Amino acid sequence: MKFFCPNCGYKITEPIQFCPNCGYKVSDIVKSLQQQDASVVSKTKEKTQVQENKQVKFDDNHQLNKQVKKTKANKAKVKPTNHHGFREKLDGLKDNLVTHKWGWLLGLLIALVLLFVGLNNYYQPRNQIARAYTVLNNPNKNGAHYITTNDSQAKINRESVKPFQKEFHNGVRNGMTKHYFVKHELKALKHNSHEYYDFQKTGNVWLFFPKYKLKVDTVSIPVKTNLPNLKIYQNGKYVATSYGHNYEKNFNHLLYGIYKFTAKGTVHGQKVSASDVYDGSGDVDDIINLDININTFNIKSVPNAEVYVNNKKVGNLDKNGNYTLKNYPIHKNTKLYLKANLNGKMTQSESVKLYSHSTKVSPLFPGMLNKKDSEHLLKNVFVDNDGDPDNHKDIADNFDQGGNNGDFKNLMNQNKGFSNNDSLTGYKYSVSVDDVLPNGDGKTKVDYTLTVTQYYNDGGKEVQVYKSTAIVGNENNKNVIFSLGKPNMVSQHNDSSNDD
């Protein structure tokens with residue numbers, strides 16, 4: 001605020017009521033000036049606000065102008081197309097579509113031709129037979145897709161064809177190669193031959209391609225058992241129960257193959273079982289025998305040897321080498337063998353089938369001579385001769401060390417004594433083998449009975465019976481006697497008759 005006093009002209013710069021120089025009242029002037037200043041301030045604020053609004057509007061318009069320019073610039077990039085150019089492009093597009101259509105059709109045609117060629121090769125008889133060979137050779141694979149049969153009552157599924165696959169696998173193991181099988185079946189197709197199984201056309205696939213399957217015959221398998229209340233299993237699956245003694249049943253409509261039948265039950269409180277196998281050999285001539293007999297066996301061999309029946313240990317021989325297998329159930333395939341410590345090595349004997357064996361059992365260990373060979377060897381040396389070693393080299397050849405063997409010399413001396421006895425007209429040996437046992441060193445102990453008959457001039461005869469144990473074996477691929485043992489006389493009698 002600034003004004004002059006109207007009375008004295010003094011310069012006043014503050015809002016006061018009286019002039020400080022003359023005392024003139026200036027309050028009205030001050031009030032008027034204050035109102036003017038307020039008006040000016042208000043107008044100034046309005047002007048400032050107007051300017052700010054104009055600036056904001058300017059900025060908005062500026063941004064809008066920039067966007068418009070940018071849009072115009074983008075539109076300017078698109079060149080206008082005249083009608084003539086558009087038609088040319090439209091015609092070109094039509095040409096391309098026609099070209100692509102024919103190209104697509106050509107590609108589809110080529111694909112169909114290739115598919116036909118591939119499927120035609122896939123379904124060639126040779127290739128179908130080869131694929132069947134691979135699957136049928138593995139019983140763990142599903143061979144049902146490759147099998148058919150003329151028997152309408154036969155079941156064809158994964159389980160029912162397994163017996164045939166096992167038989168087929170055995171054929172492969174015995175040398176039936178894929179090349180041979182394919183060649184053989186193609187020949188059978190050509191000549192329409194018939195065997196237990198052969199490939200035949202069974203229809204078409206997709207109308208064009210022939211489908212071949214292996215036609216397998218069916219078999220009927222008779223089974224019998226002599227005991228009642230036995231459960232019968234076919235390849236591990238329960239199929240029947242024997243309802244009486246001498247039970248028989250035919251199992252029909254089975255695909256040609258390998259079948260194992262087992263009878264299980266309890267006899268006199270003891271669990272029993274018997275198994276027999278139809279091996280796919282063709283017609284069933286022999287009935288599947290599941291008979292079970294109860295027998296007692298006397299086993300003699302190496303002391304303390306272990307006794308096994310069908311791979312199950314049932315006992316040990318005593319210190320004298322004896323064991324009684326009492327009231328034991330046996331069937332067609334029951335086998336017994338021994339295990340013994342021979343020369344510090346656990347050795348297993350041969351397996352002996354008990355079903356058709358005598359009640360006295362002495363299984364042979366490796367290197368042992370059997371009863372027949374042992375008896376033949378002893379009969380070669382116990383013969384009537386003059387006792388002169390020089391004249392009987394053929395006898396010496398049966399002994400270890402030949403003519404230098406001590407028992408050979410003793411035998412020749414005994415024979416010489418018989419020949420030089422004037423009261424005798426002759427003599428005769430008779431030998432039989434009672435048992436053969438392992439000697440423990442790869443040799444065989446032979447328990448034998450020797451009968452010596454001396455014929456006298458008066459027509460009488462003397463018969464002496466001896467028991468002895470010889471040691472025999474195989475040396476340089478030749479059976480020989482190592483020792484004749486020490487004969488022990490068990491009986492003697494005289495007979496005045498001249499009959500032998």
# chains A, B, ... in the order shown; residues from 1 in each chain; ligands from 1
$ residues_around --residues "Gln348 (chain A)" --least-positions-apart "5" --cutoff "9 Å" --atoms "only C-alpha atoms" --output "number ranges by chain"
A: 337-341, 365-366
$ residues_around --residues "Phe168 (chain A)" --least-positions-apart "6" --cutoff "8 Å" --atoms "only C-alpha atoms" --output "PyMOL selection string"
chain A and resi 136-137+257
$ write_last_selection --atoms "N, CA and C atoms" --output "short mmCIF file (atom, residue, chain, number, x, y, z; two decimals), in the first residue's frame"
data_model
loop_
_atom_site.label_atom_id
_atom_site.label_comp_id
_atom_site.auth_asym_id
_atom_site.auth_seq_id
_atom_site.Cartn_x
_atom_site.Cartn_y
_atom_site.Cartn_z
N LEU A 136 5.24 -117.41 -31.22
CA LEU A 136 4.95 -118.76 -30.74
C LEU A 136 6.16 -119.38 -30.05
N ASN A 137 7.34 -118.92 -30.37
CA ASN A 137 8.56 -119.44 -29.75
C ASN A 137 8.73 -118.93 -28.33
N GLY A 257 -0.07 -129.96 -27.77
CA GLY A 257 0.99 -129.30 -27.02
C GLY A 257 1.47 -130.15 -25.87
#
$ closest_residue --among "A:His331, A:His493, A:Lys371, A:Lys486" --to "Asn410 (chain A)" --atoms "only C-alpha atoms"
A:Lys486
$ residues_around --residues "Pro389 (chain A)" --least-positions-apart "6" --cutoff "12 Å" --atoms "only C-alpha atoms" --output "list in words"
Val381, Ile395, Ala396, Asp397, Gly402, Gly403, Asn404, Asn405, Phe408, Lys409, Asn410, Leu411, Met412, Asn413, Gln414, Asn415 and Lys416 of chain A
$ residues_around --residues "region 207-220 of chain A" --least-positions-apart "3" --cutoff "8 Å" --atoms "only C-alpha atoms" --output "PyMOL selection string"
chain A and resi 119-120+123-125+128-129+145-151+154+196-204+250-256+283-284
$ write_last_selection --atoms "N, CA and C atoms" --output "mmCIF file, in the first residue's frame"
data_model
loop_
_atom_site.group_PDB
_atom_site.id
_atom_site.type_symbol
_atom_site.label_atom_id
_atom_site.label_comp_id
_atom_site.auth_asym_id
_atom_site.auth_seq_id
_atom_site.Cartn_x
_atom_site.Cartn_y
_atom_site.Cartn_z
ATOM 1 N N LEU A 119 1.557 -102.353 -46.628
ATOM 2 C CA LEU A 119 0.643 -103.349 -46.078
ATOM 3 C C LEU A 119 0.698 -104.645 -46.868
ATOM 4 N N ASN A 120 0.850 -104.532 -48.173
ATOM 5 C CA ASN A 120 0.950 -105.730 -49.000
ATOM 6 C C ASN A 120 2.177 -106.546 -48.610
ATOM 7 N N TYR A 123 1.593 -108.164 -45.046
ATOM 8 C CA TYR A 123 0.702 -109.311 -45.024
ATOM 9 C C TYR A 123 1.101 -110.416 -45.997
ATOM 10 N N GLN A 124 2.327 -110.357 -46.524
ATOM 11 C CA GLN A 124 2.821 -111.459 -47.331
ATOM 12 C C GLN A 124 2.880 -112.729 -46.464
ATOM 13 N N PRO A 125 2.514 -113.888 -46.994
ATOM 14 C CA PRO A 125 2.537 -115.121 -46.200
ATOM 15 C C PRO A 125 3.883 -115.356 -45.502
ATOM 16 N N GLN A 128 4.080 -113.059 -42.479
ATOM 17 C CA GLN A 128 3.140 -113.465 -41.434
ATOM 18 C C GLN A 128 3.648 -114.704 -40.704
ATOM 19 N N ILE A 129 4.192 -115.663 -41.444
ATOM 20 C CA ILE A 129 4.727 -116.883 -40.829
ATOM 21 C C ILE A 129 5.928 -116.546 -39.965
ATOM 22 N N HIS A 145 -3.477 -114.866 -31.176
ATOM 23 C CA HIS A 145 -3.802 -114.164 -32.417
ATOM 24 C C HIS A 145 -3.323 -114.926 -33.661
ATOM 25 N N TYR A 146 -2.439 -115.901 -33.447
ATOM 26 C CA TYR A 146 -1.855 -116.610 -34.584
ATOM 27 C C TYR A 146 -2.375 -118.041 -34.701
ATOM 28 N N ILE A 147 -3.359 -118.430 -33.871
ATOM 29 C CA ILE A 147 -3.811 -119.818 -33.803
ATOM 30 C C ILE A 147 -5.285 -119.920 -34.195
ATOM 31 N N THR A 148 -5.592 -120.999 -34.903
ATOM 32 C CA THR A 148 -6.982 -121.363 -35.174
ATOM 33 C C THR A 148 -7.062 -122.887 -35.139
ATOM 34 N N THR A 149 -8.276 -123.433 -35.143
ATOM 35 C CA THR A 149 -8.466 -124.882 -35.118
ATOM 36 C C THR A 149 -9.821 -125.219 -35.717
ATOM 37 N N ASN A 150 -9.948 -126.463 -36.166
ATOM 38 C CA ASN A 150 -11.219 -126.921 -36.715
ATOM 39 C C ASN A 150 -12.176 -127.415 -35.643
ATOM 40 N N ASP A 151 -11.646 -127.571 -34.403
ATOM 41 C CA ASP A 151 -12.470 -128.055 -33.300
ATOM 42 C C ASP A 151 -13.243 -126.879 -32.710
ATOM 43 N N ALA A 154 -12.974 -126.263 -28.914
ATOM 44 C CA ALA A 154 -11.684 -125.914 -28.312
ATOM 45 C C ALA A 154 -11.631 -124.417 -28.008
ATOM 46 N N TYR A 196 0.204 -131.887 -37.782
ATOM 47 C CA TYR A 196 -0.446 -131.523 -36.526
ATOM 48 C C TYR A 196 -0.724 -130.023 -36.473
ATOM 49 N N TYR A 197 0.044 -129.266 -37.208
ATOM 50 C CA TYR A 197 -0.258 -127.844 -37.347
ATOM 51 C C TYR A 197 0.287 -127.367 -38.687
ATOM 52 N N ASP A 198 -0.428 -126.450 -39.322
ATOM 53 C CA ASP A 198 0.022 -125.863 -40.584
ATOM 54 C C ASP A 198 -0.733 -124.563 -40.808
ATOM 55 N N PHE A 199 -0.146 -123.666 -41.602
ATOM 56 C CA PHE A 199 -0.755 -122.371 -41.863
ATOM 57 C C PHE A 199 -1.845 -122.505 -42.916
ATOM 58 N N GLN A 200 -2.933 -121.767 -42.664
ATOM 59 C CA GLN A 200 -4.045 -121.725 -43.602
ATOM 60 C C GLN A 200 -4.584 -120.306 -43.680
ATOM 61 N N LYS A 201 -5.151 -119.978 -44.847
ATOM 62 C CA LYS A 201 -5.774 -118.670 -45.008
ATOM 63 C C LYS A 201 -7.102 -118.663 -44.275
ATOM 64 N N THR A 202 -7.301 -117.640 -43.433
ATOM 65 C CA THR A 202 -8.526 -117.566 -42.628
ATOM 66 C C THR A 202 -9.406 -116.379 -42.993
ATOM 67 N N GLY A 203 -9.020 -115.572 -44.005
ATOM 68 C CA GLY A 203 -9.823 -114.417 -44.386
ATOM 69 C C GLY A 203 -8.953 -113.324 -44.966
ATOM 70 N N ASN A 204 -9.506 -112.101 -44.997
ATOM 71 C CA ASN A 204 -8.781 -110.951 -45.524
ATOM 72 C C ASN A 204 -8.776 -109.816 -44.512
ATOM 73 N N ASN A 250 -11.039 -138.770 -19.640
ATOM 74 C CA ASN A 250 -10.472 -138.210 -20.856
ATOM 75 C C ASN A 250 -10.603 -136.680 -20.820
ATOM 76 N N PHE A 251 -9.519 -135.994 -21.104
ATOM 77 C CA PHE A 251 -9.536 -134.541 -21.203
ATOM 78 C C PHE A 251 -9.485 -134.194 -22.696
ATOM 79 N N ASN A 252 -10.622 -133.683 -23.191
ATOM 80 C CA ASN A 252 -10.825 -133.505 -24.625
ATOM 81 C C ASN A 252 -10.671 -132.048 -25.056
ATOM 82 N N HIS A 253 -10.597 -131.870 -26.390
ATOM 83 C CA HIS A 253 -10.585 -130.550 -27.034
ATOM 84 C C HIS A 253 -9.412 -129.684 -26.565
ATOM 85 N N LEU A 254 -8.276 -130.331 -26.343
ATOM 86 C CA LEU A 254 -7.072 -129.601 -25.945
ATOM 87 C C LEU A 254 -6.205 -129.372 -27.167
ATOM 88 N N LEU A 255 -5.715 -128.163 -27.338
ATOM 89 C CA LEU A 255 -4.804 -127.889 -28.444
ATOM 90 C C LEU A 255 -3.544 -128.724 -28.298
ATOM 91 N N TYR A 256 -3.087 -129.251 -29.420
ATOM 92 C CA TYR A 256 -1.861 -130.047 -29.448
ATOM 93 C C TYR A 256 -0.734 -129.299 -28.740
ATOM 94 N N ASP A 283 -0.427 -138.745 -31.180
ATOM 95 C CA ASP A 283 -1.519 -139.527 -30.607
ATOM 96 C C ASP A 283 -1.117 -140.065 -29.240
ATOM 97 N N VAL A 284 -2.062 -140.086 -28.316
ATOM 98 C CA VAL A 284 -1.790 -140.581 -26.973
ATOM 99 C C VAL A 284 -1.977 -142.093 -26.962
#
$ residues_around --residues "Gln234 (chain A)" --least-positions-apart "4" --cutoff "9 Å" --atoms "only C-alpha atoms" --output "PDB file with N, CA, C and O atoms, in the first residue's frame"
ATOM      1  N   TYR A 238      -6.578-126.756 -11.329  1.00  0.00           N
ATOM      2  CA  TYR A 238      -7.444-127.853 -10.898  1.00  0.00           C
ATOM      3  C   TYR A 238      -8.492-128.158 -11.980  1.00  0.00           C
ATOM      4  O   TYR A 238      -9.160-127.259 -12.484  1.00  0.00           O
ATOM      5  N   VAL A 239      -8.630-129.467 -12.305  1.00  0.00           N
ATOM      6  CA  VAL A 239      -9.580-129.853 -13.352  1.00  0.00           C
ATOM      7  C   VAL A 239     -10.519-130.984 -12.938  1.00  0.00           C
ATOM      8  O   VAL A 239     -11.573-131.156 -13.553  1.00  0.00           O
ATOM      9  N   ALA A 240     -10.155-131.776 -11.902  1.00  0.00           N
ATOM     10  CA  ALA A 240     -11.024-132.899 -11.538  1.00  0.00           C
ATOM     11  C   ALA A 240     -10.606-133.473 -10.183  1.00  0.00           C
ATOM     12  O   ALA A 240      -9.544-133.143  -9.655  1.00  0.00           O
ATOM     13  N   TYR A 259       1.376-131.037 -21.894  1.00  0.00           N
ATOM     14  CA  TYR A 259       0.485-130.934 -20.739  1.00  0.00           C
ATOM     15  C   TYR A 259       1.052-131.761 -19.582  1.00  0.00           C
ATOM     16  O   TYR A 259       1.411-132.927 -19.758  1.00  0.00           O
ATOM     17  N   LYS A 260       1.114-131.133 -18.419  1.00  0.00           N
ATOM     18  CA  LYS A 260       1.550-131.832 -17.206  1.00  0.00           C
ATOM     19  C   LYS A 260       0.342-132.034 -16.299  1.00  0.00           C
ATOM     20  O   LYS A 260      -0.339-131.088 -15.921  1.00  0.00           O
ATOM     21  N   PHE A 261       0.090-133.305 -15.954  1.00  0.00           N
ATOM     22  CA  PHE A 261      -1.004-133.641 -15.052  1.00  0.00           C
ATOM     23  C   PHE A 261      -0.426-134.074 -13.705  1.00  0.00           C
ATOM     24  O   PHE A 261       0.559-134.829 -13.659  1.00  0.00           O
ATOM     25  N   THR A 262      -1.030-133.599 -12.636  1.00  0.00           N
ATOM     26  CA  THR A 262      -0.575-133.911 -11.279  1.00  0.00           C
ATOM     27  C   THR A 262      -1.761-134.299 -10.417  1.00  0.00           C
ATOM     28  O   THR A 262      -2.807-133.640 -10.454  1.00  0.00           O
TER      29      THR A 262
END
$ residues_around --residues "Asn226 (chain A)" --least-positions-apart "4" --cutoff "9 Å" --atoms "only C-alpha atoms" --output "ChimeraX atom specification"
/A:242,244-248,290-293
$ write_last_selection --atoms "N, CA and C atoms" --output "short mmCIF file (atom, residue, chain, number, x, y, z; two decimals), in the first residue's frame"
data_model
loop_
_atom_site.label_atom_id
_atom_site.label_comp_id
_atom_site.auth_asym_id
_atom_site.auth_seq_id
_atom_site.Cartn_x
_atom_site.Cartn_y
_atom_site.Cartn_z
N SER A 242 -10.55 -137.49 -8.36
CA SER A 242 -10.81 -138.93 -8.55
C SER A 242 -11.84 -139.38 -7.51
N GLY A 244 -12.97 -142.55 -7.05
CA GLY A 244 -12.91 -143.96 -6.69
C GLY A 244 -11.59 -144.57 -7.11
N HIS A 245 -11.41 -145.84 -6.75
CA HIS A 245 -10.21 -146.56 -7.17
C HIS A 245 -10.25 -146.78 -8.70
N ASN A 246 -9.06 -146.82 -9.29
CA ASN A 246 -8.94 -147.03 -10.73
C ASN A 246 -9.76 -146.01 -11.52
N TYR A 247 -9.62 -144.77 -11.13
CA TYR A 247 -10.34 -143.66 -11.77
C TYR A 247 -9.69 -143.33 -13.12
N GLU A 248 -10.53 -143.11 -14.15
CA GLU A 248 -10.05 -142.71 -15.46
C GLU A 248 -10.92 -141.59 -16.01
N LEU A 290 -1.11 -141.74 -13.21
CA LEU A 290 -0.92 -141.05 -11.93
C LEU A 290 -1.13 -142.01 -10.76
N ASP A 291 -0.86 -143.31 -11.00
CA ASP A 291 -0.97 -144.30 -9.92
C ASP A 291 0.06 -144.02 -8.84
N ILE A 292 -0.32 -144.28 -7.61
CA ILE A 292 0.58 -144.11 -6.46
C ILE A 292 0.58 -145.41 -5.66
N ASN A 293 1.80 -145.98 -5.46
CA ASN A 293 1.95 -147.20 -4.67
C ASN A 293 2.71 -146.89 -3.38
#
$ closest_residue --among "A:Asp458, A:Leu377, A:Glu306, A:Asp394" --to "Ser423 (chain A)" --atoms "only C-alpha atoms"
A:Asp458
$ residues_around --residues "region 442-454 of chain A" --least-positions-apart "5" --cutoff "6 Å" --atoms "only C-alpha atoms" --output "ChimeraX atom specification"
/A:367-368,427-437,461-473
$ write_last_selection --atoms "N, CA, C and O atoms" --output "CSV table (one decimal), in the first residue's frame"
chain,number,residue,atom,x,y,z
A,367,GLY,N,32.0,-143.4,-12.0
A,367,GLY,CA,33.1,-144.3,-12.1
A,367,GLY,C,32.9,-145.7,-11.7
A,367,GLY,O,33.7,-146.6,-11.9
A,368,MET,N,31.7,-146.0,-11.1
A,368,MET,CA,31.4,-147.3,-10.6
A,368,MET,C,31.0,-148.2,-11.8
A,368,MET,O,30.4,-147.7,-12.8
A,427,TYR,N,36.4,-179.7,-12.5
A,427,TYR,CA,35.8,-178.8,-11.5
A,427,TYR,C,35.1,-177.7,-12.3
A,427,TYR,O,35.3,-177.5,-13.5
A,428,LYS,N,34.3,-176.9,-11.6
A,428,LYS,CA,33.5,-175.9,-12.2
A,428,LYS,C,33.3,-174.7,-11.3
A,428,LYS,O,33.0,-174.9,-10.1
A,429,TYR,N,33.4,-173.5,-11.9
A,429,TYR,CA,33.1,-172.3,-11.1
A,429,TYR,C,31.7,-171.7,-11.6
A,429,TYR,O,31.3,-171.7,-12.7
A,430,SER,N,31.0,-171.1,-10.6
A,430,SER,CA,29.8,-170.4,-10.9
A,430,SER,C,29.8,-169.1,-10.0
A,430,SER,O,29.9,-169.2,-8.8
A,431,VAL,N,29.6,-168.0,-10.6
A,431,VAL,CA,29.7,-166.7,-9.9
A,431,VAL,C,28.5,-165.8,-10.2
A,431,VAL,O,28.0,-165.8,-11.3
A,432,SER,N,28.0,-165.2,-9.1
A,432,SER,CA,26.9,-164.2,-9.3
A,432,SER,C,27.2,-163.0,-8.4
A,432,SER,O,27.7,-163.2,-7.3
A,433,VAL,N,26.8,-161.8,-8.9
A,433,VAL,CA,27.1,-160.6,-8.1
A,433,VAL,C,25.8,-160.3,-7.3
A,433,VAL,O,24.7,-160.3,-7.8
A,434,ASP,N,26.1,-160.0,-6.0
A,434,ASP,CA,25.0,-159.7,-5.1
A,434,ASP,C,24.8,-158.2,-5.0
A,434,ASP,O,23.6,-157.8,-5.0
A,435,ASP,N,25.8,-157.4,-5.0
A,435,ASP,CA,25.7,-156.0,-4.9
A,435,ASP,C,26.9,-155.3,-5.4
A,435,ASP,O,28.0,-155.9,-5.4
A,436,VAL,N,26.8,-154.1,-5.8
A,436,VAL,CA,28.0,-153.2,-6.1
A,436,VAL,C,27.9,-151.9,-5.2
A,436,VAL,O,26.8,-151.3,-5.1
A,437,LEU,N,29.0,-151.5,-4.7
A,437,LEU,CA,29.0,-150.3,-3.8
A,437,LEU,C,30.3,-149.5,-4.2
A,437,LEU,O,31.3,-150.0,-4.7
A,461,LYS,N,30.4,-185.5,-6.0
A,461,LYS,CA,30.9,-184.2,-6.2
A,461,LYS,C,30.8,-183.4,-4.9
A,461,LYS,O,30.0,-183.8,-4.0
A,462,GLU,N,31.6,-182.4,-4.8
A,462,GLU,CA,31.6,-181.6,-3.6
A,462,GLU,C,31.3,-180.1,-4.0
A,462,GLU,O,32.0,-179.6,-4.9
A,463,VAL,N,30.4,-179.5,-3.3
A,463,VAL,CA,30.0,-178.2,-3.6
A,463,VAL,C,30.4,-177.2,-2.5
A,463,VAL,O,29.9,-177.5,-1.3
A,464,GLN,N,31.1,-176.2,-2.7
A,464,GLN,CA,31.5,-175.2,-1.7
A,464,GLN,C,31.0,-173.9,-2.2
A,464,GLN,O,31.2,-173.5,-3.4
A,465,VAL,N,30.4,-173.1,-1.3
A,465,VAL,CA,29.9,-171.8,-1.6
A,465,VAL,C,30.7,-170.8,-0.8
A,465,VAL,O,30.8,-170.9,0.5
A,466,TYR,N,31.2,-169.7,-1.5
A,466,TYR,CA,32.0,-168.7,-0.8
A,466,TYR,C,31.3,-167.3,-1.0
A,466,TYR,O,30.6,-167.1,-2.1
A,467,LYS,N,31.5,-166.4,-0.1
A,467,LYS,CA,31.2,-165.0,-0.2
A,467,LYS,C,32.5,-164.2,-0.2
A,467,LYS,O,33.3,-164.5,0.6
A,468,SER,N,32.5,-163.2,-1.0
A,468,SER,CA,33.7,-162.4,-1.1
A,468,SER,C,33.4,-161.0,-1.7
A,468,SER,O,32.3,-160.8,-2.2
A,469,THR,N,34.3,-160.1,-1.5
A,469,THR,CA,34.2,-158.8,-2.1
A,469,THR,C,35.4,-158.4,-3.0
A,469,THR,O,36.5,-158.4,-2.5
A,470,ALA,N,35.1,-158.3,-4.2
A,470,ALA,CA,36.2,-157.9,-5.2
A,470,ALA,C,36.2,-156.4,-5.3
A,470,ALA,O,35.2,-155.7,-5.1
A,471,ILE,N,37.4,-155.9,-5.8
A,471,ILE,CA,37.5,-154.5,-6.1
A,471,ILE,C,37.8,-154.4,-7.6
A,471,ILE,O,38.8,-155.0,-8.1
A,472,VAL,N,36.9,-153.7,-8.3
A,472,VAL,CA,37.0,-153.5,-9.7
A,472,VAL,C,37.0,-152.1,-10.1
A,472,VAL,O,36.6,-151.2,-9.3
A,473,GLY,N,37.3,-151.8,-11.3
A,473,GLY,CA,37.2,-150.4,-11.8
A,473,GLY,C,37.6,-150.3,-13.3
A,473,GLY,O,37.8,-151.3,-13.9
$ atom_distance --atom1 "CA of Gln492 (chain A)" --atom2 "CA of His392 (chain A)"
28.7 Å
$ atom_distance --atom1 "CA of Leu230 (chain A)" --atom2 "CA of Ser160 (chain A)"
23.7 Å
$ select_by_dssp --residues "region 202-436 of chain A" --states "strand (DSSP E)" --output "ChimeraX atom specification"
/A:202-205,209-216,218-225,231-234,237-241,247-255,259-267,270-278,288-289,293-300,306-309,312-316,322-330,335-342,345-348,352-353,360-361,424-436
$ closest_atom_pairs --of "region 121-164 of chain A" --to "region 179-182 of chain A" --cutoff "8 Å" --atoms "only C-alpha atoms" --output "Markdown table"
| residue | atom | partner | partner_atom | distance |
| --- | --- | --- | --- | --- |
| A:Arg126 | CA | A:Val182 | CA | 6.4 |
| A:Ile129 | CA | A:Val182 | CA | 6.0 |
| A:Ala130 | CA | A:Val182 | CA | 6.2 |
| A:Tyr133 | CA | A:Phe181 | CA | 7.7 |
$ decode --residues "region 242-257 of chain A" --atoms "N, CA and C atoms" --output "tab-separated table (two decimals), in the first residue's frame"
chain	number	residue	atom	x	y	z
A	242	SER	N	-10.55	-137.49	-8.36
A	242	SER	CA	-10.81	-138.93	-8.55
A	242	SER	C	-11.84	-139.38	-7.51
A	243	TYR	N	-12.92	-139.98	-7.96
A	243	TYR	CA	-14.01	-140.34	-7.06
A	243	TYR	C	-14.03	-141.82	-6.71
A	244	GLY	N	-12.97	-142.55	-7.05
A	244	GLY	CA	-12.91	-143.96	-6.69
A	244	GLY	C	-11.59	-144.57	-7.11
A	245	HIS	N	-11.41	-145.84	-6.75
A	245	HIS	CA	-10.21	-146.56	-7.17
A	245	HIS	C	-10.25	-146.78	-8.70
A	246	ASN	N	-9.06	-146.82	-9.29
A	246	ASN	CA	-8.94	-147.03	-10.73
A	246	ASN	C	-9.76	-146.01	-11.52
A	247	TYR	N	-9.62	-144.77	-11.13
A	247	TYR	CA	-10.34	-143.66	-11.77
A	247	TYR	C	-9.69	-143.33	-13.12
A	248	GLU	N	-10.53	-143.11	-14.15
A	248	GLU	CA	-10.05	-142.71	-15.46
A	248	GLU	C	-10.92	-141.59	-16.01
A	249	LYS	N	-10.27	-140.67	-16.74
A	249	LYS	CA	-11.02	-139.56	-17.34
A	249	LYS	C	-10.28	-139.08	-18.59
A	250	ASN	N	-11.04	-138.77	-19.64
A	250	ASN	CA	-10.47	-138.21	-20.86
A	250	ASN	C	-10.60	-136.68	-20.82
A	251	PHE	N	-9.52	-135.99	-21.10
A	251	PHE	CA	-9.54	-134.54	-21.20
A	251	PHE	C	-9.49	-134.19	-22.70
A	252	ASN	N	-10.62	-133.68	-23.19
A	252	ASN	CA	-10.83	-133.51	-24.62
A	252	ASN	C	-10.67	-132.05	-25.06
A	253	HIS	N	-10.60	-131.87	-26.39
A	253	HIS	CA	-10.59	-130.55	-27.03
A	253	HIS	C	-9.41	-129.68	-26.56
A	254	LEU	N	-8.28	-130.33	-26.34
A	254	LEU	CA	-7.07	-129.60	-25.95
A	254	LEU	C	-6.21	-129.37	-27.17
A	255	LEU	N	-5.72	-128.16	-27.34
A	255	LEU	CA	-4.80	-127.89	-28.44
A	255	LEU	C	-3.54	-128.72	-28.30
A	256	TYR	N	-3.09	-129.25	-29.42
A	256	TYR	CA	-1.86	-130.05	-29.45
A	256	TYR	C	-0.73	-129.30	-28.74
A	257	GLY	N	-0.07	-129.96	-27.77
A	257	GLY	CA	0.99	-129.30	-27.02
A	257	GLY	C	1.47	-130.15	-25.87
